[in-house]
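Below is one structure, written out as structure tokens; comments come after it.
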Amino acid sequence: MREYDPKEIEAKWQEYWVKNKIHEATDDVHKPKYYSLVEFPYPSGEGLHVGHPRPYIGMDVVSRKRRMEGYNVLYPMGFDAFGLPAENYAIKTGIHPSIITKENIQKFKKQIESLGLSFDWSREVNTSDPAYYKWTQWLFLKFLEHDLAYKAKMTINWCPKDKIGLANEEVIDGKCERCGTVVEKREKEQWMLAITKYADRLDKDLDLVDFSERVKTQQRNWIGRSTGLVFTSPVKDTNLSIETFSAHFEAFCADTFVVIAPDHPLLSKLLEGIQNKEDILEAASKMLQARMLQGHDEVKEVEGIFTGRYTVDPVGNGELPIWIANYALADYGTGIVKCSAHDERDFAFAKKYDLYLKPVMFPEDPGLKERVKNLEVCYTDMKKGILSFPKEFEGRKAGDARQEIIDYCVAHNLARPEIKFKLRDWVFSRQRYWGEPIPVIHCEKCGMVAVPESDLPVLLPEVEKYEPTDTGESPLANISEWVNTTCPKCGGPGKRETDTMPNWAGSSWYFLRYTDPHNDAEFASRAALDHWTPVDWYNGGMEHTTLHLLYSRFWHKFFFDIGLVPTSEPYARRTSHGFILAENGEKMSKSRGNVVNPNSIVERYGADTLRLYEMFMGPFEQAISWSEGALIGPRRFIERVWKLSDKVGDREMTASEADREIERNRTIKKVSTDIETLGFNTAVSALMMYANSLEKKEFVFKTEFETLLKLLAPFVPHVSEELWAKAGNTDPISLASWPEFDEDKLHTELTTLALQINGKTRSTFEVSFGALEEEIREIALALPETKKWLNGAIPKKVIVVVGKIVNLVV
């Protein structure tokens with residue numbers, strides 16, 4: 001055969017797939033459906049770097065395998081096109097965001113298409129397209145109609161550089177997640193979505209879905225569900241009462257002081273009549289600013305100031321001093337907490353300010369118990385700790401008595417049980433131009449009025465200046481001819497809402513639009529939604545777990561409640577991938593000058609080589625550094641497969657060659673299983689070992705070579721198609737059947753191998769007859785005899801002779 005030429009082959013097959021609509025999903029209800037999804041990108045001006053395709057290729061492998069398994073596969077792609085970068089570019093250049101967005105999308109598409117990804121481009125969506133955001137606005141009005149969207153004056157996170165309000169999820173370590181500027185607090189009226197009304201279901205329903213554990217854990221931590229007790233107590237010398245929430249109440253008799261958040265709304269009233277009130281409030285403000293620099297709920301060192309007030313504890317702990325503490329959060333629980341010797345931050349705070357502590361819970365170890373009594377250490381084990389008070393629970397383990405303590409406090413009118421969440425309502429408005437206009441009109445007579453459906457979409461007007469104002473108003477507020485309109489209810493004068501939606505709005509439902517992207521009458525037909533949803537497998541970044549993933553689950557649950565979608569959860573399975581880092585281990589970014597453009601890799605090595613390398617370079621869920629030198633291996637492997645076709649023949653297999661069927665079936669099972677568990681790197685390794693084995697044979701059976709090509713096809717589709725066609729097949733390999741393994745030919749009989757260290761036999765061990773080289777290596781390295789003889793040394797080389805020996809060179 002001629003030399004392997006990826007440029008010619010890849011262009012040829014990409015054109016063939018498009019012309020024959022190989023990757024387009026149909027609404028054929030007679031075939032089983034499979035909906036695979038990756039997060040759609042924001043079309044930035046920089047285009048893709050080599051880290052972006054990793055999840056696309058991973059899910060492309062899954063999607064191509066599913067098509068070969070007989071599924072009607074929907075694997076769509078689009079663009080999350082609203083956002084700050086395009087607007088900031090418009091501010092700098094005067095070019096309208098829609099123009100630069102369109103140019104960037106074309107650049108992205110060209111890059112994506114060059115990789116041979118099997119996206120169904122006939123269903124492409126663009127969140128900044130009025131035909132799309134018409135339905136984003138329509139869905140927002142559903143939230144408004146059901147009292148889940150509201151406007152409230154509140155203290156918000158404010159980025160002084162971007163001049164924009166931020167949700168808590170968009171503040172990382174006290175800084176704007178986009179630009180890194182230190183965030184301030186400002187009072188502003190904002191649109192909110194009442195996600196907290198769904199907090200309990202968002203937490204509990206994680207049990208119903210197949211999400212990776214780290215995704216579930218991160219979501220649960222952010223939702224922050226806590227079952228606790230609320231204690232009510234009067235404030236001495238005032239008419240005030242306060243409520244304190246405790247999630248760890250087992251040692252409630254140990255409480256000796258109370259802390260209140262520095263930004264608690266009750267604080268000013270609590271300080272009425274206190275001589276140094278203004279000094280205290282100033283100190284509280286400084287605490288708050290310092291905490292913002294460290295992160296929303298992170299403090300490096302506890303800090304506080306005494307309010308001069310005391311609460312009378314209903315439990316009988318006497319008068320407890322009320323302190324302002326930097327670690328108390330106004331938006332968690334009640335923002336006021338009773339404190340004891342059994343919380344590490346409380347303990348440190350009391351030690352710092354010389355406050356009284358009274359431990360009532362102790363470990364079983366006598367030595368440690370004495371140290372707890374002497375306040376040398378803080379003991380916090382609310383499960384195994386032994387209670388000494390109250391007398392009703394003396395000698396009991398705190399964890400065992402938890403429910404009885406709740407019952408006791410309720411029966412004695414000391415407290416009431418309550419479930420609290422860390423999750424706050426979602427700040428949903430932005431004071432920027434490049435976003436979906438919120439479809440509301442303000443009328444002096446009628447109040448807030450929804451824009452009628454017949455008037456949607458509310459289009460963004462043309463403007464001369466895109467800069468947000470220092471007062472926090474949107475640039476839209478300066479366009480009087482757009483702002484001033486007619487009230488749809490009374491016909492009188494009205495003013496349009498000038499805030500726009502956050503960039504999360506369009507991405508909270510885009511996966512639904514893919515099912516019916518050209519529907520002008522509704523956001524998606526019920527028939528399409530019934531057929532395609534839920535998404536069967538969704539892969540995305542861990543950085544979106546508490547933003548997009550949480551928001552889209554919330555939207556979907558609401559849609560389910562009002563009958564718009566057929567399922568309460570949008571995604572049956574969710575997995576995540578690791579970043580591809582620069583060669584020096586840093587994150588790739590234009591500012592660091594370490595970005596690797598996939599175009600140059602495709603030009604030099606071919607798309608199949610890039611695809612194979614990104615799947616082989618390491619575990620899919622872990623971050624890994626890019627290494628251009630490592631591309632040589634995958635490229636040479638493809639060339640070896642190309643040359644292997646010269647050995648292929650079509651004679652009958654003899655009885656003495658039957659063991660080759662064992663290896664073929666084992667490879668099918670290994671690759672099939674590994675793809676389903678994100679083990680793309682080990683699947684590729686198994687394919688390389690199988691190809692190596694075939695190379696050593698004088699003759700390769702057609703069934704062996706075709707099996708190799710079918711298993712390779714999801715990873716390197718272009719060269720697989722070419723070799724498949726050269727082998728005389730008229731239909732593309734993309735539509736061929738995925739190979740199935742025969743359990744009877746996996747061969748479970750055992751064979752004995754010698755274990756050698758530096759060429760000397762030290763032991764023997766058994767493996768399944770026909771075991772692959774990788775399996776044998778793993779078994780050999782895990783043997784007790786291996787560990788004994790190596791004595792901590794790391795082998796420089798592991799030589800495996802299948803069916804005979806394993807030699808460890810140290």
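Residue numbering restarts at 1 in every chain; chains get A, B, ... in the order shown in the structure tokens, and ligands count up from 1 in that same order.
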Name all residues at most 7 Å from Trp138 (chain A) (count only C-alpha atoms; drop same-chain ones fewer than 4 positions away) and give them as a list in words. Lys134, Lys142 and Glu453 of chain A
Serialized selection, N, CA and C atoms, as a PDB file, in the first residue's frame:
ATOM      1  N   LYS A 134     -35.262  33.857  22.544  1.00  0.00           N
ATOM      2  CA  LYS A 134     -36.712  34.041  22.688  1.00  0.00           C
ATOM      3  C   LYS A 134     -37.258  33.045  23.710  1.00  0.00           C
ATOM      4  N   LYS A 142     -41.890  31.885  32.946  1.00  0.00           N
ATOM      5  CA  LYS A 142     -42.506  30.788  33.701  1.00  0.00           C
ATOM      6  C   LYS A 142     -42.063  30.845  35.170  1.00  0.00           C
ATOM      7  N   GLU A 453     -46.096  36.851  25.357  1.00  0.00           N
ATOM      8  CA  GLU A 453     -45.365  35.877  24.550  1.00  0.00           C
ATOM      9  C   GLU A 453     -45.289  36.294  23.086  1.00  0.00           C
TER      10      GLU A 453
END
Under the rule that only C-alpha atoms are counted, which of A:Lys33, A:His412, A:Lys7, A:Lys197 is the nearest residue to Ser63 (chain A)?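 For Ser63 (chain A), the nearest of the candidates is A:Lys33.
The spacing separating CA of Val50 (chain A) from CA of Asn597 (chain A) amounts to 5.9 Å.
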Using DSSP on the backbone, list every residue of region 330-541 of chain A that comes out as strand (DSSP E or B), and give them as an MDAnalysis selection string. chainID A and resid 336:339 361:362 386:387 397 416:420 426:427 430 437 440:443 447:450 484:486 493:496 500 535 537:541
Could you pull the residues within 12 Å of Glu462 (chain A), counting only C-alpha atoms, minus those fewer than 5 positions along the same chain, as a PyMOL selection string? chain A and resi 94-98+433-434+475-476+478-479+481-482
Write out as a short mmCIF file (atom, residue, chain, number, x, y, z; two decimals) with N, CA, C and O atoms, in the first residue's frame each polymer residue whose atoms come within 12 Å of Glu344 (chain A), counting only C-alpha atoms; drop sequence neighbours fewer than 5 positions from it.
data_model
loop_
_atom_site.label_atom_id
_atom_site.label_comp_id
_atom_site.auth_asym_id
_atom_site.auth_seq_id
_atom_site.Cartn_x
_atom_site.Cartn_y
_atom_site.Cartn_z
N GLU A 301 -7.71 33.21 60.53
CA GLU A 301 -7.60 33.38 61.98
C GLU A 301 -8.89 33.98 62.50
O GLU A 301 -9.43 34.93 61.93
N VAL A 302 -9.40 33.38 63.59
CA VAL A 302 -10.65 33.89 64.16
C VAL A 302 -10.43 35.28 64.74
O VAL A 302 -9.37 35.60 65.28
N TYR A 327 -16.04 34.40 61.63
CA TYR A 327 -16.36 33.10 61.03
C TYR A 327 -17.86 32.79 61.03
O TYR A 327 -18.28 31.76 60.48
N CYS A 339 -21.97 28.81 71.06
CA CYS A 339 -20.62 28.27 70.93
C CYS A 339 -20.18 27.51 72.18
O CYS A 339 -20.63 27.82 73.28
N PHE A 349 -11.48 30.73 69.38
CA PHE A 349 -12.01 32.07 69.67
C PHE A 349 -12.02 32.33 71.18
O PHE A 349 -11.60 33.39 71.65
N ALA A 350 -12.50 31.35 71.95
CA ALA A 350 -12.57 31.49 73.40
C ALA A 350 -11.18 31.62 74.01
O ALA A 350 -10.96 32.42 74.94
N LYS A 351 -10.23 30.86 73.50
CA LYS A 351 -8.86 30.94 74.00
C LYS A 351 -8.26 32.32 73.71
O LYS A 351 -7.57 32.91 74.54
N LEU A 375 -8.94 21.74 79.23
CA LEU A 375 -9.01 22.68 78.11
C LEU A 375 -7.68 22.80 77.36
O LEU A 375 -7.35 23.84 76.80
N VAL A 377 -6.99 20.60 74.86
CA VAL A 377 -7.34 20.24 73.48
C VAL A 377 -8.85 20.40 73.29
O VAL A 377 -9.62 20.37 74.26
N CYS A 378 -9.23 20.58 72.02
CA CYS A 378 -10.66 20.66 71.66
C CYS A 378 -11.12 19.29 71.20
O CYS A 378 -10.56 18.72 70.26
N TYR A 379 -12.14 18.75 71.82
CA TYR A 379 -12.67 17.43 71.45
C TYR A 379 -14.00 17.61 70.72
O TYR A 379 -14.94 18.20 71.25
N THR A 380 -14.08 17.10 69.48
CA THR A 380 -15.22 17.42 68.61
C THR A 380 -15.97 16.20 68.08
O THR A 380 -16.87 16.36 67.26
N ASP A 381 -15.65 15.00 68.54
CA ASP A 381 -16.25 13.79 67.97
C ASP A 381 -17.70 13.64 68.44
O ASP A 381 -17.97 13.14 69.52
#
If you run DSSP on the backbone, which residues of region 306-537 of chain A are alpha helix (DSSP H), as a PDB file with C-alpha atoms, in the first residue's frame?
ATOM      1  CA  GLU A 344     -12.478  24.026  66.927  1.00  0.00           C
ATOM      2  CA  ARG A 345     -13.198  27.601  65.833  1.00  0.00           C
ATOM      3  CA  ASP A 346     -15.248  28.304  68.968  1.00  0.00           C
ATOM      4  CA  PHE A 347     -12.445  26.831  71.076  1.00  0.00           C
ATOM      5  CA  ALA A 348      -9.789  28.980  69.349  1.00  0.00           C
ATOM      6  CA  PHE A 349     -12.014  32.071  69.669  1.00  0.00           C
ATOM      7  CA  ALA A 350     -12.570  31.493  73.405  1.00  0.00           C
ATOM      8  CA  LYS A 351      -8.862  30.938  73.995  1.00  0.00           C
ATOM      9  CA  LYS A 352      -7.983  34.130  72.122  1.00  0.00           C
ATOM     10  CA  TYR A 353     -10.483  36.307  74.028  1.00  0.00           C
ATOM     11  CA  PRO A 366      -8.383   8.457  80.102  1.00  0.00           C
ATOM     12  CA  GLY A 367      -5.294  10.478  79.191  1.00  0.00           C
ATOM     13  CA  LEU A 368      -7.022  12.389  76.420  1.00  0.00           C
ATOM     14  CA  LYS A 369     -10.104  12.841  78.631  1.00  0.00           C
ATOM     15  CA  GLU A 370      -7.997  14.611  81.244  1.00  0.00           C
ATOM     16  CA  ARG A 371      -6.556  16.951  78.598  1.00  0.00           C
ATOM     17  CA  VAL A 372     -10.079  17.790  77.376  1.00  0.00           C
ATOM     18  CA  LYS A 373     -11.132  18.554  80.972  1.00  0.00           C
ATOM     19  CA  ARG A 402     -28.685  12.330  68.678  1.00  0.00           C
ATOM     20  CA  GLN A 403     -32.371  11.692  67.914  1.00  0.00           C
ATOM     21  CA  GLU A 404     -33.220  11.333  71.611  1.00  0.00           C
ATOM     22  CA  ILE A 405     -31.570  14.700  72.291  1.00  0.00           C
ATOM     23  CA  ILE A 406     -33.786  16.269  69.612  1.00  0.00           C
ATOM     24  CA  ASP A 407     -36.857  14.695  71.231  1.00  0.00           C
ATOM     25  CA  TYR A 408     -35.690  15.849  74.683  1.00  0.00           C
ATOM     26  CA  CYS A 409     -35.185  19.477  73.584  1.00  0.00           C
ATOM     27  CA  VAL A 410     -38.561  19.578  71.835  1.00  0.00           C
ATOM     28  CA  ALA A 411     -40.395  17.966  74.789  1.00  0.00           C
ATOM     29  CA  SER A 480     -34.391  56.106  26.134  1.00  0.00           C
ATOM     30  CA  GLU A 481     -36.080  55.095  22.849  1.00  0.00           C
ATOM     31  CA  TRP A 482     -35.684  51.428  23.872  1.00  0.00           C
ATOM     32  CA  VAL A 483     -36.403  51.839  27.581  1.00  0.00           C
ATOM     33  CA  TRP A 504     -25.750  30.784  32.910  1.00  0.00           C
ATOM     34  CA  ALA A 505     -29.292  31.358  31.627  1.00  0.00           C
ATOM     35  CA  GLY A 506     -28.855  29.993  28.115  1.00  0.00           C
ATOM     36  CA  SER A 507     -26.782  27.039  29.276  1.00  0.00           C
ATOM     37  CA  TYR A 510     -29.597  24.156  25.934  1.00  0.00           C
ATOM     38  CA  PHE A 511     -29.625  20.343  26.054  1.00  0.00           C
ATOM     39  CA  LEU A 512     -33.433  20.474  25.697  1.00  0.00           C
ATOM     40  CA  ARG A 513     -33.265  22.687  22.610  1.00  0.00           C
ATOM     41  CA  ARG A 526     -43.157  17.150  23.907  1.00  0.00           C
ATOM     42  CA  ALA A 527     -42.678  14.300  21.437  1.00  0.00           C
ATOM     43  CA  ALA A 528     -38.995  15.192  20.952  1.00  0.00           C
ATOM     44  CA  LEU A 529     -38.455  15.580  24.693  1.00  0.00           C
ATOM     45  CA  ASP A 530     -40.189  12.268  25.434  1.00  0.00           C
ATOM     46  CA  HIS A 531     -37.995  10.539  22.871  1.00  0.00           C
ATOM     47  CA  TRP A 532     -34.578  12.013  23.688  1.00  0.00           C
TER      48      TRP A 532
END
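Among the candidates A:Gly316, A:Pro566, A:Gly228, A:Gly679, the residue lying nearest to Ala254 (chain A) is A:Gly316 (atoms considered: only C-alpha atoms).
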For Val440 (chain A), please output as a JSON list (two decimals) with N, CA and C atoms, in the first residue's frame all residues within 7 Å (counting only C-alpha atoms; exclusion window: fewer than 6 positions along the same chain).
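Below you can see part_8.json, which holds the result:
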[["chain", "number", "residue", "atom", "x", "y", "z"],
["A", 448, "MET", "N", -45.04, 45.69, 38.00],
["A", 448, "MET", "CA", -44.19, 44.87, 37.13],
["A", 448, "MET", "C", -45.08, 44.01, 36.23],
["A", 449, "VAL", "N", -44.88, 44.13, 34.92],
["A", 449, "VAL", "CA", -45.73, 43.42, 33.95],
["A", 449, "VAL", "C", -44.85, 42.59, 33.02],
["A", 450, "ALA", "N", -45.22, 41.33, 32.82],
["A", 450, "ALA", "CA", -44.47, 40.45, 31.91],
["A", 450, "ALA", "C", -44.74, 40.85, 30.46],
["A", 451, "VAL", "N", -43.70, 40.80, 29.64],
["A", 451, "VAL", "CA", -43.87, 41.03, 28.20],
["A", 451, "VAL", "C", -44.69, 39.87, 27.63],
["A", 496, "ARG", "N", -38.85, 49.55, 30.16],
["A", 496, "ARG", "CA", -38.32, 48.18, 30.10],
["A", 496, "ARG", "C", -37.31, 47.94, 31.23],
["A", 497, "GLU", "N", -37.26, 46.70, 31.67],
["A", 497, "GLU", "CA", -36.21, 46.28, 32.59],
["A", 497, "GLU", "C", -34.88, 46.38, 31.85]]
Could you tell me which of A:Pro437, A:Gly51, A:Pro314, A:Pro76 comes closest to Asn503 (chain A) if we count only C-alpha atoms?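 That would be A:Pro437, the residue with the smallest distance to Asn503 (chain A).
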Each region 79-194 of chain A residue no farther than 12 Å from region 605-619 of chain A, nearest pair in Å, only C-alpha atoms, as a tab-separated table:
residue	atom	partner	partner_atom	distance
A:Gln111	CA	A:Ala607	CA	10.5
A:Ile112	CA	A:Ala607	CA	10.3
A:Glu113	CA	A:Ala607	CA	10.0
A:Ser114	CA	A:Ala607	CA	6.9
A:Leu115	CA	A:Ala607	CA	5.1
A:Gly116	CA	A:Ala607	CA	7.1
A:Leu117	CA	A:Arg611	CA	9.5
